[in-house]
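> Have a look at the structure that comes next, please.
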Amino acid sequence: MRSLRNASLVMLLSLSLYAQGTLDNAILLRPTADSWPMHNGDYSGRRFSSLSRLNAGNVNSMTLAWVHRANAGGGQAGGGGNPAFPIKSTPVVVNGVLYVTIPDHVWAIDARTGSEIWHSTWRSRGGWHISNRGVAILGDTVYVETPDCSLVALNIRDGREKWRREICDLEQFYYASTAPLIVKNHVIVGVSGDDLDIPGYLEARDPESGDLQWRWYTYPEPGSAESKTWPNEEAMKHGGGMTWGASTYDPDLNLLYFGTGNPQPVINGRKRQGDNLFTESIVAVNPDTGKMVWYFQPSPHDTHDWDANQTPVLFEGEINGQPRKLLAQASRNGWFFVLDRTNGKNIVTSEYVKTNWTKGLDAKGQPIPDSAKEPQIDGALVSPNQGGGANWPPPSFSPSTGLFYTQATRAFSVYYLYENENDEKPQGWGGNDRGGWSEAMLRAIDYKTGKIKWSHPWDGSSNVRSGLLTTAGNLLFAGDASANFVAFNATTGETLWHSRLHASVTNAPITYELDGVPYVVVGAGDSLYAFALTAR
Amino acid sequence: MNIFSIQLFLAVILAAQAGPSERQRVDNAAADRGKLVYTQYCINCHGSTAKGTDRGPDLIRSAIVLRDRLGNGIRPAFGKGADHQATLTDEQLVDLSHFLHQRIESTASNRNARGTLNVVTGNAEAGRVYFNGAGKCSTCHSPTGDLAGIATRVSPPVNLQQRFLFPALTRGGPNPVEVTVSVAGVKPISGTLVRIDTFFVSLRDASGEYQTIRRGSDVKVEVRDPLAVHHELLDQYTDADMHNILAYLETLK
């Protein structure tokens with residue numbers, strides 16, 4: 001029997017001093033200085049904080065405030081998950097309490113001291129325990145997805161389960177890892193899984209009951225023009241396009257934005273000729289109805305597992321002297337896109353790392369894949385590799401500098417098509433990439449041109465899995481693969497401060513200010529580190 | 001506890017990467033028997049790979065089969081409808097279940113290669129010309145020296161393909177990454193690179209002493225990676241070059 005168990009009941013009894021208050025929608029629309037109230041900090045996905053008390057002039061005085069080790073207990077026997085699983089989730093901070101996850105586990109932690117308040121454990125029925133991206137909060141409820149396909153609502157005060165709803169079918173090899181997003185009276189949830197050929201979808205659930213409000217499948221209506229991008233309906237309805245990335249939202253336009261994942265079969269695309277919409281797409285939907293408004297496809301007919309789930313970042317910009325509502329994505333395929341987020345029209349397409357898989361751009365600004373670089377039985381040398389130019393670690397955009405920041409990997413591997421899986425109806429993956437060489441860097445991109453403003457090589461790091469944070473203090477925070485957590489001058493790329501942690505950064509840093517003290521919190525392996533300007 | 005539930009108990013497995021943790025553990029001997037059942041009763045409509053035909057649906061993607069445990073899901077399908085008149089014994093149903101789950105597991109894990117990859121498709125003579133010409137491979141390597149017998153020493157061929165594309169240095173081997181660290185007014189320090197990041201460079205000098213130097217604007221770090229030329233080649237190889245080089249290297253038995 002599955003159950004949520006509270007691992008800190010004794011501690012819970014003495015919690016009356018903790019004011020685990022509720023969160024209303026107003027804070028989601030205008031996050032306060034003492035909060036990081038949702039996965040991306042705000043709806044824009046910029047991961048930019050307006051806090052400036054901590055800045056380029058004083059960050060060198062920042063010191064360690066606390067460390068919290070996410071002790072999950074006994075692993076599977078203790079309720080699921082790996083007890084030493086790295087923290088990949090972005091914490092959410094509300095009313096002085098920080099909520100952080102690994103698969104099957106949620107912790108509430110005192111954001112001032114790092115002390116554990118409660119710890120909820122989910123007894124798992126299975127599913128891929130690759131990651132959990134974090135929680136969403138509304139009112140007195142904490143929402144989290146579990147690898148075994150549940151959306152679980154927890155009481156914010158003690159972590160006890162309120163309800164659970166199945167959001168995907170574990171038997172079909174779906175799993176769930178996404179951080180839910182609260183939009184008005186909707187809990188937006190995404191799904192994962194590409195071992196078998198199943199369709200992706202995004203759902204809205206009722207915050208009180210968990211009941212389904214709408215589901216939007218990532219394939220077109222049969223018979224529509226977009227459906228012609230598949231050879232037949234069966235291929236289309238088993239064509240993948242998972243929704244494991246972070247969604248963003250524009251309240252003025254009332255549009256929800258998200259990226260979709262790779263088509264299926266993943267590597268063998270020979271029997272799914274065409275662009276395979278709406279896989280590998282940036283999509284805008286109405287969050288009240290689930291109706292699609294526009295789409296743009298970064299990777300038509302992908303055969304390299306380059307999910308376009310990277311955050312679609314929203315910001316106000318200026319193009320040719322005109323103010324524009326923009327959306328930008330540094331996509332896993334190595335290309336950077338800037339779109340008009342009112343209609344999805346392309347403004348900029350450029351490589352943020354050199355690639356070798358395209359034959360140019362089409363009239364819509366989408367890369368045209370070179371069929372010779374599709375996986376081959378004897379191998380095709382492709383850049384980037386399956387890990388991509390960027391992957392799940394969130395990027396950042398600073399309106400102060402006008403720069404879009406992303407981790408970037410220049411990588412090669414050989415993509416093979418497996419001959420014994422290359423029959424009349426390929427399924428699953430049917431191939432894979434292998435081996436490779438890579439180098440990692442941190443890049444600042446001018447959104448108006450797509451040109452690289454500055455690039456910091458991560459010497460000694462072949463691959464980096466740290467997300468990014470920018471602030472109004474002209475700071476950019478990032479980690480490398482050598483366990484350094486680094487503050488940069490966001491304008492110039494100059495390093496200003498660093499601390500060597502016990503492990504490399506495994507999530508995206510956040511910031512908040514409590515009692516006039518600015519904190520920066522980052523996850524490395526199984527631990528959260530909090531740095532503060534004045535830890536008195 | 002009846003026999004069926006005992007079987008089910010024995011069949012459960014702990015969490016795999018995907019799917020439910022209580023997935024059916026495939027009994028390969030039973031799956032072999034189930035294949036005969038499938039061939040006799042199912043193959044005409046569901047096809048030789050169980051992926052379906054015009055006459056019957058795909059059984060790999062079937063929600064009924066995916067939910068089946070030791071025949072309890074597929075049992076109701078038999079004896080009903082014109083296409084499912086066959087009556088199977090309990091043993092045949094269990095065997096058939098194992099066969100279908102074997103097919104599912106095989107599909108769900110086919111990101112992993114099974115069998116030999118047929119990668120030797122290039123022109124060996126063109127590869128030899130590239131080796132001695134545009135690739136400049138002969139600058140460092142010789143078919144009668146370090147590469148003598150390479151195709152015998154590194155097999156199967158896909159491993160050799162990977163080796164020449166993405167060679168790796170052996171820790172403590174004869175060709176380490178070297179580094180020289182120079183600070184104005186101070187004698188440069190050289191040695192074997194141990195570790196480098198944005199802030200520090202660590203090396204072991206000729207005397208074997210380990211040293212770490214803080215990097216800064218006044219510190220010049222020169223890294224000499226013997227594999228750098230291989231990394232640069234990745235931007236130059238065409239896929240034809242890659243296949244031709246492998247074909248040539250495969251002649252060096």
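Ordering of the structure tokens sets the chain letters (A, B, ...); residue numbers start at 1 within each chain; ligands are numbered from 1 in the order shown.
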Using only C-alpha atoms, which residues of chain B come within 6 Å of chain A, and what is the closest atom pair for each, with the distance in Å to one decimal? Give it as JSON lines, sorted by chain and residue number.


{"residue": "B:Ala15", "atom": "CA", "partner": "A:Gly126", "partner_atom": "CA", "distance": 5.0}
{"residue": "B:Gln17", "atom": "CA", "partner": "A:Trp128", "partner_atom": "CA", "distance": 4.6}
{"residue": "B:Ala18", "atom": "CA", "partner": "A:Trp128", "partner_atom": "CA", "distance": 4.5}
{"residue": "B:Gly19", "atom": "CA", "partner": "A:Phe173", "partner_atom": "CA", "distance": 4.2}
{"residue": "B:Pro20", "atom": "CA", "partner": "A:Gly126", "partner_atom": "CA", "distance": 4.5}
{"residue": "B:Ser21", "atom": "CA", "partner": "A:Gly126", "partner_atom": "CA", "distance": 4.2}
{"residue": "B:Leu66", "atom": "CA", "partner": "A:Glu171", "partner_atom": "CA", "distance": 5.9}
{"residue": "B:Thr107", "atom": "CA", "partner": "A:Gly428", "partner_atom": "CA", "distance": 5.5}
{"residue": "B:Ala108", "atom": "CA", "partner": "A:Asp195", "partner_atom": "CA", "distance": 4.7}
{"residue": "B:Asn110", "atom": "CA", "partner": "A:Gly430", "partner_atom": "CA", "distance": 5.7}
{"residue": "B:Arg111", "atom": "CA", "partner": "A:Trp429", "partner_atom": "CA", "distance": 5.0}
{"residue": "B:Asn118", "atom": "CA", "partner": "A:Asp378", "partner_atom": "CA", "distance": 5.9}
{"residue": "B:Val119", "atom": "CA", "partner": "A:Asp378", "partner_atom": "CA", "distance": 3.9}
{"residue": "B:Phe166", "atom": "CA", "partner": "A:Gly436", "partner_atom": "CA", "distance": 5.8}
{"residue": "B:Ile196", "atom": "CA", "partner": "A:Gly460", "partner_atom": "CA", "distance": 5.2}
{"residue": "B:Asp197", "atom": "CA", "partner": "A:Asp459", "partner_atom": "CA", "distance": 4.8}
{"residue": "B:Thr198", "atom": "CA", "partner": "A:Asp459", "partner_atom": "CA", "distance": 6.0}

> Find the spatial neighbours of Leu88 in chain B, counting only C-alpha atoms, within a cut-off of 9 Å - ignore same-chain residues fewer than 5 positions away - and output them as a PyMOL selection string.

chain B and resi 37+75+78-79+93

> Between CA of Ser190 in chain B and CA of Val229 in chain B, what is the distance, to one decimal in Å?

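These two atoms are separated by 21.1 Å.
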
> Could you go through range 26-162 of chain A and tell me which residues DSSP, when run on the backbone, assigns to strand (DSSP E), listing them as a count of residues only?

47

> So, with only C-alpha atoms as the atoms that count, which of A:Ile87, A:Val283, A:Leu255, A:Val353 lies closest to Ser466 in chain A?

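Nearest candidate to Ser466 in chain A out of A:Ile87, A:Val283, A:Leu255, A:Val353: A:Ile87.
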
> Give me the residues within 9 Å of Ser182 in chain B as a list in words, counting only C-alpha atoms and dropping any in the same chain fewer than 4 places off.

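That gives Val186, Lys187, Pro188, Ile189, Ser190, Asp218, Val219, Lys220, Val221 and Glu222 of chain B.
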
> I need the chosen residues saved as a tab-separated table (two decimals), in the first residue's frame, with C-alpha atoms.


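Okay, selection39.tsv is ready:
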chain	number	residue	atom	x	y	z
B	186	VAL	CA	58.97	33.99	-11.75
B	187	LYS	CA	60.46	30.91	-13.41
B	188	PRO	CA	57.68	29.02	-15.26
B	189	ILE	CA	56.49	25.75	-13.77
B	190	SER	CA	55.88	22.81	-16.07
B	218	ASP	CA	48.77	37.69	-14.29
B	219	VAL	CA	49.03	33.92	-14.58
B	220	LYS	CA	49.48	32.38	-18.03
B	221	VAL	CA	48.46	28.74	-18.39
B	222	GLU	CA	49.51	26.81	-21.49

> Near range 328-340 of chain A, counting only C-alpha atoms, which residues have an atom at most 8 Å away, once you skip same-chain residues fewer than 3 positions from it, shown as number ranges by chain?

A: 298-299, 306-314, 324-325, 343-355, 384, 387-391, 395, 406, 447, 450

> When you look at Ser52 in chain A with a cut-off of 8 Å (counting only C-alpha atoms), what residues show up, excluding the ones that are within fewer than 5 positions of it in the same chain? I need them as a ChimeraX atom specification.

/A:471-474

> Keeping C-alpha atoms for every residue in the selection just given, could you write it to a file as a CSV table (one decimal), in the first residue's frame?


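Okay, out.csv is ready:
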chain,number,residue,atom,x,y,z
A,471,THR,CA,20.0,39.5,-10.4
A,472,ALA,CA,19.6,43.2,-10.6
A,473,GLY,CA,22.9,43.4,-8.8
A,474,ASN,CA,24.5,42.6,-12.2

> Asp27 in chain B: which residues within 9 Å, counting only C-alpha atoms, same-chain residues fewer than 4 positions away excluded, as a list in words?

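Returned residues: Ala11, Ala31, Asp32, Asp95, His98, Phe99 and Gln102 of chain B.
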
> Looking at only C-alpha atoms, which of B:Thr139, B:Asn159, B:Gln40, B:Ser106 is the one that sits closest to Val26 in chain B?

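Checking each of B:Thr139, B:Asn159, B:Gln40, B:Ser106 against Val26 in chain B, counting only C-alpha atoms, the winner is B:Ser106.
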
> For Thr116 in chain B, please output as a list in words all residues within 9 Å (counting only C-alpha atoms; exclusion window: fewer than 5 positions along the same chain).

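Near Thr116 in chain B, the qualifying residues are Pro156, Pro157 and Val158 of chain B.
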
> Those same residues - N, CA and C atoms - I'd like them written as a PDB file, in the first residue's frame.


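And here's part_24.pdb as it stands now:
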ATOM      1  N   PRO B 156      34.985  -5.352 -31.434  1.00  0.00           N
ATOM      2  CA  PRO B 156      34.628  -5.390 -32.847  1.00  0.00           C
ATOM      3  C   PRO B 156      34.914  -4.046 -33.521  1.00  0.00           C
ATOM      4  N   PRO B 157      34.682  -3.955 -34.816  1.00  0.00           N
ATOM      5  CA  PRO B 157      35.036  -2.735 -35.557  1.00  0.00           C
ATOM      6  C   PRO B 157      34.428  -1.457 -34.996  1.00  0.00           C
ATOM      7  N   VAL B 158      33.223  -1.540 -34.417  1.00  0.00           N
ATOM      8  CA  VAL B 158      32.630  -0.312 -33.873  1.00  0.00           C
ATOM      9  C   VAL B 158      33.491   0.256 -32.754  1.00  0.00           C
TER      10      VAL B 158
END

> Would you work out the distance separating CA of Gly133 in chain B from CA of Gly145 in chain B, expressed in Å to one decimal?

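Distance reported for this atom pair: 17.9 Å.
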